[in-house]
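File shown here: final-v8.pdb, holding PDB, C-alpha atoms.
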ATOM      1  CA  MET A   1      -3.848  -4.410  -9.619
ATOM      2  CA  LEU A   2      -1.894  -6.884  -7.553
ATOM      3  CA  HIS A   3       1.220  -6.429  -9.649
ATOM      4  CA  TYR A   4       3.337  -8.139  -7.008
ATOM      5  CA  ALA A   5       1.190 -11.290  -7.333
ATOM      6  CA  LEU A   6       2.356 -11.531 -10.949
ATOM      7  CA  ALA A   7       5.875 -12.102  -9.644
ATOM      8  CA  LEU A   8       4.812 -15.506  -8.356
ATOM      9  CA  ARG A   9       4.731 -16.895 -11.886
ATOM     10  CA  GLU A  10       8.506 -16.483 -11.936
ATOM     11  CA  LEU A  11       8.541 -19.151  -9.238
ATOM     12  CA  ALA A  12       7.059 -21.714 -11.578
ATOM     13  CA  GLY A  13      10.574 -22.372 -12.829
ATOM     14  CA  GLU A  14      13.675 -23.624 -11.116
ATOM     15  CA  ARG A  15      13.293 -21.146  -8.227
ATOM     16  CA  VAL A  16      10.087 -22.828  -7.046
ATOM     17  CA  THR A  17      11.779 -24.645  -4.154
ATOM     18  CA  LYS A  18      14.312 -21.905  -3.382
ATOM     19  CA  VAL A  19      11.936 -19.043  -2.569
ATOM     20  CA  LEU A  20       9.346 -19.460   0.208
ATOM     21  CA  PRO A  21      10.121 -23.163   0.738
ATOM     22  CA  THR A  22       7.810 -23.468   3.773
ATOM     23  CA  LEU A  23       4.864 -21.494   2.360
ATOM     24  CA  GLN A  24       1.541 -23.281   2.872
ATOM     25  CA  ASN A  25      -1.167 -20.618   2.458
ATOM     26  CA  LEU A  26      -1.492 -17.740   0.017
ATOM     27  CA  PHE A  27      -4.222 -15.193   0.818
ATOM     28  CA  ILE A  28      -5.298 -12.889  -2.007
ATOM     29  CA  GLU A  29      -7.484  -9.818  -1.651
ATOM     30  CA  GLY A  30      -9.991  -9.104  -4.419
ATOM     31  CA  LEU A  31      -9.356 -12.328  -6.295
ATOM     32  CA  GLU A  32     -11.180 -12.242  -9.653
ATOM     33  CA  PRO A  33     -12.475 -15.368 -11.458
ATOM     34  CA  SER A  34     -10.045 -14.912 -14.344
ATOM     35  CA  GLY A  35      -7.223 -12.722 -15.603
ATOM     36  CA  PRO A  36      -3.430 -12.442 -15.460
ATOM     37  CA  ILE A  37      -3.328 -12.806 -11.673
ATOM     38  CA  GLN A  38      -5.209 -16.100 -11.871
ATOM     39  CA  GLU A  39      -2.899 -17.325 -14.618
ATOM     40  CA  ALA A  40       0.149 -16.485 -12.520
ATOM     41  CA  LEU A  41      -1.342 -18.147  -9.450
ATOM     42  CA  GLY A  42      -2.282 -21.235 -11.461
ATOM     43  CA  GLN A  43       1.275 -21.658 -12.725
ATOM     44  CA  PHE A  44       2.678 -21.130  -9.239
ATOM     45  CA  VAL A  45       0.289 -23.586  -7.550
ATOM     46  CA  ALA A  46       0.895 -26.245 -10.210
ATOM     47  CA  ALA A  47       4.678 -25.898  -9.902
ATOM     48  CA  ARG A  48       4.525 -26.133  -6.125
ATOM     49  CA  GLN A  49       2.331 -29.222  -6.338
ATOM     50  CA  LEU A  50       4.770 -30.905  -8.701
ATOM     51  CA  SER A  51       7.644 -30.049  -6.388
ATOM     52  CA  GLY A  52       5.949 -31.595  -3.382
ATOM     53  CA  LEU A  53       5.441 -28.214  -1.691
ATOM     54  CA  PRO A  54       1.714 -27.607  -2.170
ATOM     55  CA  VAL A  55       0.178 -24.198  -1.506
ATOM     56  CA  VAL A  56      -3.496 -23.450  -0.862
ATOM     57  CA  ILE A  57      -5.031 -20.235  -2.261
ATOM     58  CA  HIS A  58      -7.524 -18.366  -0.068
ATOM     59  CA  ARG A  59      -9.623 -15.262  -0.608
ATOM     60  CA  TRP A  60      -8.634 -12.485   1.798
ATOM     61  CA  ASP A  61     -10.786  -9.616   3.026
ATOM     62  CA  GLY A  62      -7.703  -7.507   3.699
ATOM     63  CA  ARG A  63      -8.272  -7.328   7.443
ATOM     64  CA  SER A  64      -7.543 -10.514   9.365
TER      65      SER A  64
ATOM     66  CA  MET B   1      25.755   9.780   7.017
ATOM     67  CA  GLY B   2      26.119   6.025   7.220
ATOM     68  CA  GLU B   3      28.970   6.273   9.701
ATOM     69  CA  TYR B   4      26.999   8.721  11.862
ATOM     70  CA  PHE B   5      23.942   6.441  11.849
ATOM     71  CA  GLU B   6      26.002   3.418  12.812
ATOM     72  CA  TYR B   7      27.793   5.345  15.560
ATOM     73  CA  PHE B   8      24.476   6.714  16.880
ATOM     74  CA  VAL B   9      22.864   3.270  16.985
ATOM     75  CA  SER B  10      25.903   1.756  18.681
ATOM     76  CA  ARG B  11      25.447   4.193  21.605
ATOM     77  CA  ILE B  12      21.867   3.100  22.353
ATOM     78  CA  ASP B  13      21.264   0.417  24.949
ATOM     79  CA  ALA B  14      17.498  -0.009  25.289
ATOM     80  CA  PRO B  15      16.495  -3.673  25.361
ATOM     81  CA  GLN B  16      12.954  -2.828  26.611
ATOM     82  CA  LEU B  17      12.002  -0.628  23.640
ATOM     83  CA  ASP B  18       8.367  -0.786  22.480
ATOM     84  CA  LYS B  19       8.693   1.160  19.245
ATOM     85  CA  VAL B  20      11.436   1.532  16.683
ATOM     86  CA  ASP B  21      10.836   3.644  13.575
ATOM     87  CA  ILE B  22      13.681   4.176  11.102
ATOM     88  CA  THR B  23      13.327   5.965   7.771
ATOM     89  CA  PHE B  24      16.034   6.182   5.134
ATOM     90  CA  PHE B  25      15.952   8.969   2.570
ATOM     91  CA  ASP B  26      16.933   8.226  -1.018
ATOM     92  CA  GLN B  27      20.157   6.341  -0.380
ATOM     93  CA  PRO B  28      19.773   3.694   2.345
ATOM     94  CA  VAL B  29      22.816   2.488   4.242
ATOM     95  CA  PHE B  30      23.097  -1.207   3.528
ATOM     96  CA  ASN B  31      26.160  -2.048   5.562
ATOM     97  CA  THR B  32      24.695  -1.716   9.048
ATOM     98  CA  PRO B  33      26.305  -4.177  11.475
ATOM     99  CA  GLN B  34      25.594  -1.871  14.442
ATOM    100  CA  LEU B  35      21.899  -1.678  13.542
ATOM    101  CA  HIS B  36      21.814  -5.463  13.311
ATOM    102  CA  ASP B  37      23.414  -5.768  16.762
ATOM    103  CA  PHE B  38      21.131  -3.072  18.207
ATOM    104  CA  LEU B  39      18.003  -4.891  17.022
ATOM    105  CA  ALA B  40      19.346  -8.256  18.142
ATOM    106  CA  CYS B  41      19.575  -6.914  21.730
ATOM    107  CA  ILE B  42      15.864  -6.075  21.913
ATOM    108  CA  GLU B  43      14.310  -9.012  23.729
ATOM    109  CA  LYS B  44      10.888  -8.594  22.112
ATOM    110  CA  PHE B  45      12.490  -8.914  18.721
ATOM    111  CA  LYS B  46      13.035 -12.562  19.395
ATOM    112  CA  ALA B  47       9.295 -13.297  19.453
ATOM    113  CA  HIS B  48       7.441 -14.594  16.429
ATOM    114  CA  GLY B  49       5.112 -12.036  14.936
ATOM    115  CA  ARG B  50       3.589 -10.708  11.760
ATOM    116  CA  GLY B  51       5.351  -8.634   9.162
ATOM    117  CA  SER B  52       3.967  -6.243   6.565
ATOM    118  CA  VAL B  53       5.357  -4.534   3.511
ATOM    119  CA  VAL B  54       3.247  -1.414   2.983
ATOM    120  CA  ILE B  55       3.465   0.608  -0.234
ATOM    121  CA  TRP B  56       2.633   4.281   0.207
ATOM    122  CA  GLY B  57       3.638   5.614  -3.189
ATOM    123  CA  HIS B  58       6.274   8.086  -2.000
ATOM    124  CA  ASN B  59       7.779   5.524   0.355
ATOM    125  CA  ILE B  60       7.736   1.867   1.277
ATOM    126  CA  GLU B  61       7.723   0.466   4.795
ATOM    127  CA  PHE B  62       8.500  -2.857   6.395
ATOM    128  CA  GLU B  63       6.541  -3.224   9.637
ATOM    129  CA  LEU B  64       6.798  -5.845  12.341
ATOM    130  CA  GLU B  65       4.323  -6.450  15.119
ATOM    131  CA  LEU B  66       5.935  -8.567  17.807
ATOM    132  CA  GLY B  67       3.509  -8.452  20.710
ATOM    133  CA  PRO B  68       3.943  -4.975  22.221
ATOM    134  CA  LEU B  69       6.868  -4.114  19.953
ATOM    135  CA  LEU B  70       6.213  -2.157  16.782
ATOM    136  CA  PHE B  71       9.139  -1.926  14.392
ATOM    137  CA  LYS B  72       9.107   0.119  11.201
ATOM    138  CA  LEU B  73      11.800   0.380   8.592
ATOM    139  CA  GLY B  74      10.986   2.819   5.810
ATOM    140  CA  ILE B  75      12.580   4.071   2.623
ATOM    141  CA  LEU B  76      11.539   7.377   1.149
ATOM    142  CA  CYS B  77      12.438   7.601  -2.521
ATOM    143  CA  LYS B  78      10.721   7.850  -5.867
ATOM    144  CA  GLY B  79       9.480   4.743  -7.593
ATOM    145  CA  LEU B  80       8.919   1.126  -6.656
ATOM    146  CA  GLY B  81      11.826   0.211  -8.920
ATOM    147  CA  GLN B  82      14.147   1.747  -6.312
ATOM    148  CA  GLN B  83      12.076   1.116  -3.207
ATOM    149  CA  VAL B  84      11.605  -2.656  -3.508
ATOM    150  CA  PRO B  85      15.294  -3.584  -4.037
ATOM    151  CA  SER B  86      16.320  -1.235  -1.226
ATOM    152  CA  ILE B  87      13.862  -2.613   1.336
ATOM    153  CA  ALA B  88      14.782  -6.146   0.240
ATOM    154  CA  GLN B  89      18.467  -5.501   0.848
ATOM    155  CA  LEU B  90      17.832  -3.846   4.204
ATOM    156  CA  CYS B  91      15.610  -6.700   5.363
ATOM    157  CA  SER B  92      18.208  -9.294   4.487
ATOM    158  CA  SER B  93      21.247  -7.395   5.770
ATOM    159  CA  SER B  94      20.004  -5.580   8.879
ATOM    160  CA  LEU B  95      17.356  -7.883  10.306
ATOM    161  CA  HIS B  96      17.735 -11.391  11.585
ATOM    162  CA  LEU B  97      13.999 -11.920  11.698
ATOM    163  CA  PRO B  98      12.940 -12.694   8.126
ATOM    164  CA  SER B  99      14.031 -16.314   8.434
ATOM    165  CA  THR B 100      11.820 -16.895  11.506
ATOM    166  CA  LEU B 101       8.765 -14.890  10.460
ATOM    167  CA  LYS B 102       5.702 -17.049   9.773
ATOM    168  CA  CYS B 103       3.265 -14.493   8.376
ATOM    169  CA  LEU B 104       3.812 -11.621   5.917
ATOM    170  CA  ASP B 105       1.422  -9.137   4.293
ATOM    171  CA  ILE B 106       2.201  -7.125   1.170
ATOM    172  CA  ARG B 107      -0.288  -4.361   0.478
ATOM    173  CA  GLU B 108      -0.785  -0.821  -0.703
ATOM    174  CA  ALA B 109      -1.727   1.689   1.998
ATOM    175  CA  PRO B 110      -5.436   2.656   1.892
ATOM    176  CA  LEU B 111      -4.736   6.180   0.679
ATOM    177  CA  ALA B 112      -1.643   5.353  -1.327
ATOM    178  CA  HIS B 113      -1.352   7.226  -4.612
ATOM    179  CA  LEU B 114       0.703   5.442  -7.222
ATOM    180  CA  PRO B 115       0.832   7.686 -10.295
ATOM    181  CA  ASP B 116       1.109   6.079 -13.711
ATOM    182  CA  TRP B 117       4.587   7.530 -14.179
ATOM    183  CA  GLN B 118       5.902   5.810 -11.127
ATOM    184  CA  ASP B 119       8.156   3.034 -12.276
ATOM    185  CA  LYS B 120       7.161  -0.465 -11.319
ATOM    186  CA  ALA B 121       9.351  -3.031  -9.643
ATOM    187  CA  GLU B 122      10.404  -5.978 -11.768
ATOM    188  CA  ASN B 123       9.100  -9.432 -10.885
ATOM    189  CA  THR B 124      12.582 -10.545  -9.896
ATOM    190  CA  GLN B 125      12.848  -7.598  -7.507
ATOM    191  CA  TRP B 126       9.704  -8.731  -5.700
ATOM    192  CA  LEU B 127      11.149 -12.241  -5.467
ATOM    193  CA  ASP B 128      14.372 -10.833  -4.023
ATOM    194  CA  LEU B 129      12.238  -9.218  -1.334
ATOM    195  CA  LEU B 130      10.579 -12.554  -0.516
ATOM    196  CA  HIS B 131      13.785 -14.587  -0.627
ATOM    197  CA  PRO B 132      14.960 -13.961   2.996
ATOM    198  CA  PHE B 133      11.620 -15.112   4.418
ATOM    199  CA  THR B 134      12.585 -18.752   4.400
ATOM    200  CA  GLY B 135      10.258 -19.702   7.284
ATOM    201  CA  LEU B 136       7.118 -18.065   5.933
ATOM    202  CA  VAL B 137       3.921 -20.145   6.188
ATOM    203  CA  ASP B 138       1.216 -17.562   5.340
ATOM    204  CA  LEU B 139       1.569 -14.856   2.684
ATOM    205  CA  HIS B 140      -1.155 -12.221   2.278
ATOM    206  CA  LEU B 141      -1.270 -10.135  -0.895
ATOM    207  CA  GLY B 142      -3.578  -7.132  -0.605
ATOM    208  CA  LYS B 143      -4.713  -4.452  -3.016
TER     209      LYS B 143
END

Represent the structure of the file as structure tokens.
Amino acid sequence: MLHYALALRELAGERVTKVLPTLQNLFIEGLEPSGPIQEALGQFVAARQLSGLPVVIHRWDGRS
Amino acid sequence: MGEYFEYFVSRIDAPQLDKVDITFFDQPVFNTPQLHDFLACIEKFKAHGRGSVVIWGHNIEFELELGPLLFKLGILCKGLGQQVPSIAQLCSSSLHLPSTLKCLDIREAPLAHLPDWQDKAENTQWLDLLHPFTGLVDLHLGK
């Protein structure tokens, strides 16, 4: 369980521009089609988009 | 212990170091101006590289690969609830690099054993860990 990925949903609030302001790419290993991780990522990506700091989600194989 | 560590580090002059591995047991020393100065003198530390936070279960490590330089800062204590805030505070107080780092991985070690009883870190504690990395472009979150 990527429990640390769940923390990203906390950034959907007022901290969205204060933490990781230059982040452009988020690579996730073992990304499932649905679940709490996807919900958290969805909230985070939407908040970043609205703030003008878009982030792209990528699948990661854990190596590169 | 903190005074001894600071005194010891202040006596080292080795700007060509290739490997630095520091592990704190239970109670990390957060006020480490000498460690900050010691690391700032290592030329290779000024390069841009890749950082990793690796969770082992019994400890947590922050690793930096800066070309030939391998830097490890570890904390050995029980529970992510203690480990994550401690490594976050050390990264922000002892290192000058987080603000220039472009790429960071957070992952569990392949053979890490995280028992159910081990307390988890709060979401805000993970965010406190990420906060100093103000120049980060790529973030990798592994299993």

Closest atom pairs, chain A residues within 6 Å of chain B, only C-alpha atoms, as JSON lines:
{"residue": "A:Leu2", "atom": "CA", "partner": "B:Lys143", "partner_atom": "CA", "distance": 5.9}
{"residue": "A:Ala7", "atom": "CA", "partner": "B:Asn123", "partner_atom": "CA", "distance": 4.4}
{"residue": "A:Val19", "atom": "CA", "partner": "B:His131", "partner_atom": "CA", "distance": 5.2}
{"residue": "A:Leu20", "atom": "CA", "partner": "B:Thr134", "partner_atom": "CA", "distance": 5.3}
{"residue": "A:Thr22", "atom": "CA", "partner": "B:Val137", "partner_atom": "CA", "distance": 5.7}
{"residue": "A:Leu23", "atom": "CA", "partner": "B:Val137", "partner_atom": "CA", "distance": 4.2}
{"residue": "A:Gln24", "atom": "CA", "partner": "B:Val137", "partner_atom": "CA", "distance": 5.1}
{"residue": "A:Asn25", "atom": "CA", "partner": "B:Asp138", "partner_atom": "CA", "distance": 4.8}
{"residue": "A:Leu26", "atom": "CA", "partner": "B:Leu139", "partner_atom": "CA", "distance": 5.0}
{"residue": "A:Phe27", "atom": "CA", "partner": "B:His140", "partner_atom": "CA", "distance": 4.5}
{"residue": "A:Ile28", "atom": "CA", "partner": "B:Leu141", "partner_atom": "CA", "distance": 5.0}
{"residue": "A:Glu29", "atom": "CA", "partner": "B:Gly142", "partner_atom": "CA", "distance": 4.9}
{"residue": "A:Gly62", "atom": "CA", "partner": "B:Gly142", "partner_atom": "CA", "distance": 6.0}

Within 10 Å of Ala12 in chain A, counting all atoms listed in the file, which residues show up once you throw out same-chain ones fewer than 3 positions away? Write them as a PyMOL selection string, please. chain A and resi 7-9+15-17+40-48+50-51

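Distances here use all atoms listed in the file; by that measure, the residue among B:Ile22, B:Leu64, B:Cys77, B:Ile55 closest to Leu101 in chain B is B:Leu64.
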
Box in all listed atoms of range 52-69 of chain B, axis-aligned, with 6 Å more on each side; write out centre and edge lengths in Å to one decimal as JSON.
{"center_x": 5.6, "center_y": -0.2, "center_z": 9.5, "size_x": 17.9, "size_y": 28.7, "size_z": 37.4}

Given the file shown, determine the residues that the PyMOL selection byres ((chain B and resi 20) around 8) selects; report them as a PyMOL selection string. chain B and resi 17-19+21-22+69-72

Which residues would end up in the selection if the PyMOL selection byres ((chain B and resi 31-44) around 8) were applied here, given that I need the answer as a PyMOL selection string? chain B and resi 6-7+9-10+12-17+29-30+45-47+66-69+93-96

Atomic separation - CA of Glu63 in chain B relative to CA of Leu31 in chain A, Å: 24.3 Å

Between CA of Leu53 in chain A and CA of Lys18 in chain A, measure the distance and give it in Å to one decimal. 11.0 Å

Rounded to one decimal place, report the CA of Gly13 in chain A-CA of Glu61 in chain B distance in Å.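 Between CA of Gly13 in chain A and CA of Glu61 in chain B the gap is 29.0 Å.
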
Please expand the PyMOL selection byres ((chain B and resi 26) around 8) into the concrete residues it hits in this file, giving the result as a list in words. Phe24, Phe25, Gln27, Pro28, Ile75, Leu76, Cys77 and Lys78 of chain B

Could you give me, as a ChimeraX atom specification, the residues that have an atom at most 7 Å away from the point (8.0, -1.2, 1.3) in the coordinates of the file, using all atoms listed in the file? /B:53-55,59-62,74,83-84,87

For chain A, write C-alpha atoms out as a short mmCIF file (atom, residue, chain, number, x, y, z; two decimals), in the first residue's frame.
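Once everything was written out, this is part03.cif:
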data_model
loop_
_atom_site.label_atom_id
_atom_site.label_comp_id
_atom_site.auth_asym_id
_atom_site.auth_seq_id
_atom_site.Cartn_x
_atom_site.Cartn_y
_atom_site.Cartn_z
CA MET A 1 0.00 0.00 0.00
CA LEU A 2 1.42 3.34 -1.02
CA HIS A 3 0.33 4.98 2.20
CA TYR A 4 2.58 7.96 1.54
CA ALA A 5 0.71 8.63 -1.74
CA LEU A 6 -2.42 9.22 0.34
CA ALA A 7 -0.69 12.24 1.86
CA LEU A 8 -0.95 14.02 -1.48
CA ARG A 9 -4.67 14.55 -0.99
CA GLU A 10 -3.77 16.91 1.85
CA LEU A 11 -2.25 19.11 -0.85
CA ALA A 12 -5.60 19.61 -2.51
CA GLY A 13 -6.23 22.41 -0.03
CA GLU A 14 -4.46 25.66 0.62
CA ARG A 15 -1.03 23.96 0.74
CA VAL A 16 -1.23 23.02 -2.94
CA THR A 17 1.12 25.80 -4.06
CA LYS A 18 3.33 25.74 -0.96
CA VAL A 19 4.58 22.15 -1.13
CA LEU A 20 6.42 20.93 -4.24
CA PRO A 21 5.75 24.13 -6.22
CA THR A 22 7.92 23.05 -9.18
CA LEU A 23 6.71 19.44 -9.40
CA GLN A 24 5.84 18.41 -12.96
CA ASN A 25 5.84 14.59 -12.99
CA LEU A 26 4.56 12.08 -10.46
CA PHE A 27 5.62 8.45 -11.06
CA ILE A 28 3.63 5.77 -9.25
CA GLU A 29 4.58 2.11 -8.97
CA GLY A 30 1.78 -0.45 -9.13
CA LEU A 31 -0.94 2.05 -9.95
CA GLU A 32 -4.35 0.34 -9.80
CA PRO A 33 -7.38 1.43 -11.89
CA SER A 34 -9.33 2.50 -8.82
CA GLY A 35 -9.11 2.81 -5.05
CA PRO A 36 -8.08 5.29 -2.36
CA ILE A 37 -4.73 6.04 -4.02
CA GLN A 38 -6.47 7.01 -7.25
CA GLU A 39 -8.92 9.19 -5.35
CA ALA A 40 -6.07 10.97 -3.59
CA LEU A 41 -4.18 11.43 -6.85
CA GLY A 42 -7.30 12.72 -8.60
CA GLN A 43 -7.85 15.38 -5.94
CA PHE A 44 -4.19 16.37 -6.05
CA VAL A 45 -4.02 16.60 -9.86
CA ALA A 46 -7.26 18.61 -10.03
CA ALA A 47 -6.06 21.06 -7.37
CA ARG A 48 -2.73 21.53 -9.12
CA GLN A 49 -4.48 22.13 -12.44
CA LEU A 50 -6.72 24.77 -10.88
CA SER A 51 -3.70 26.44 -9.32
CA GLY A 52 -1.86 26.67 -12.62
CA LEU A 53 0.76 24.12 -11.55
CA PRO A 54 -0.24 21.02 -13.51
CA VAL A 55 1.24 17.62 -12.71
CA VAL A 56 1.32 14.58 -15.00
CA ILE A 57 0.86 11.09 -13.50
CA HIS A 58 2.99 8.26 -14.91
CA ARG A 59 3.15 4.55 -14.20
CA TRP A 60 6.53 3.56 -12.77
CA ASP A 61 8.21 0.16 -12.95
CA GLY A 62 10.22 0.92 -9.82
CA ARG A 63 13.58 0.81 -11.58
CA SER A 64 14.36 3.77 -13.82
#
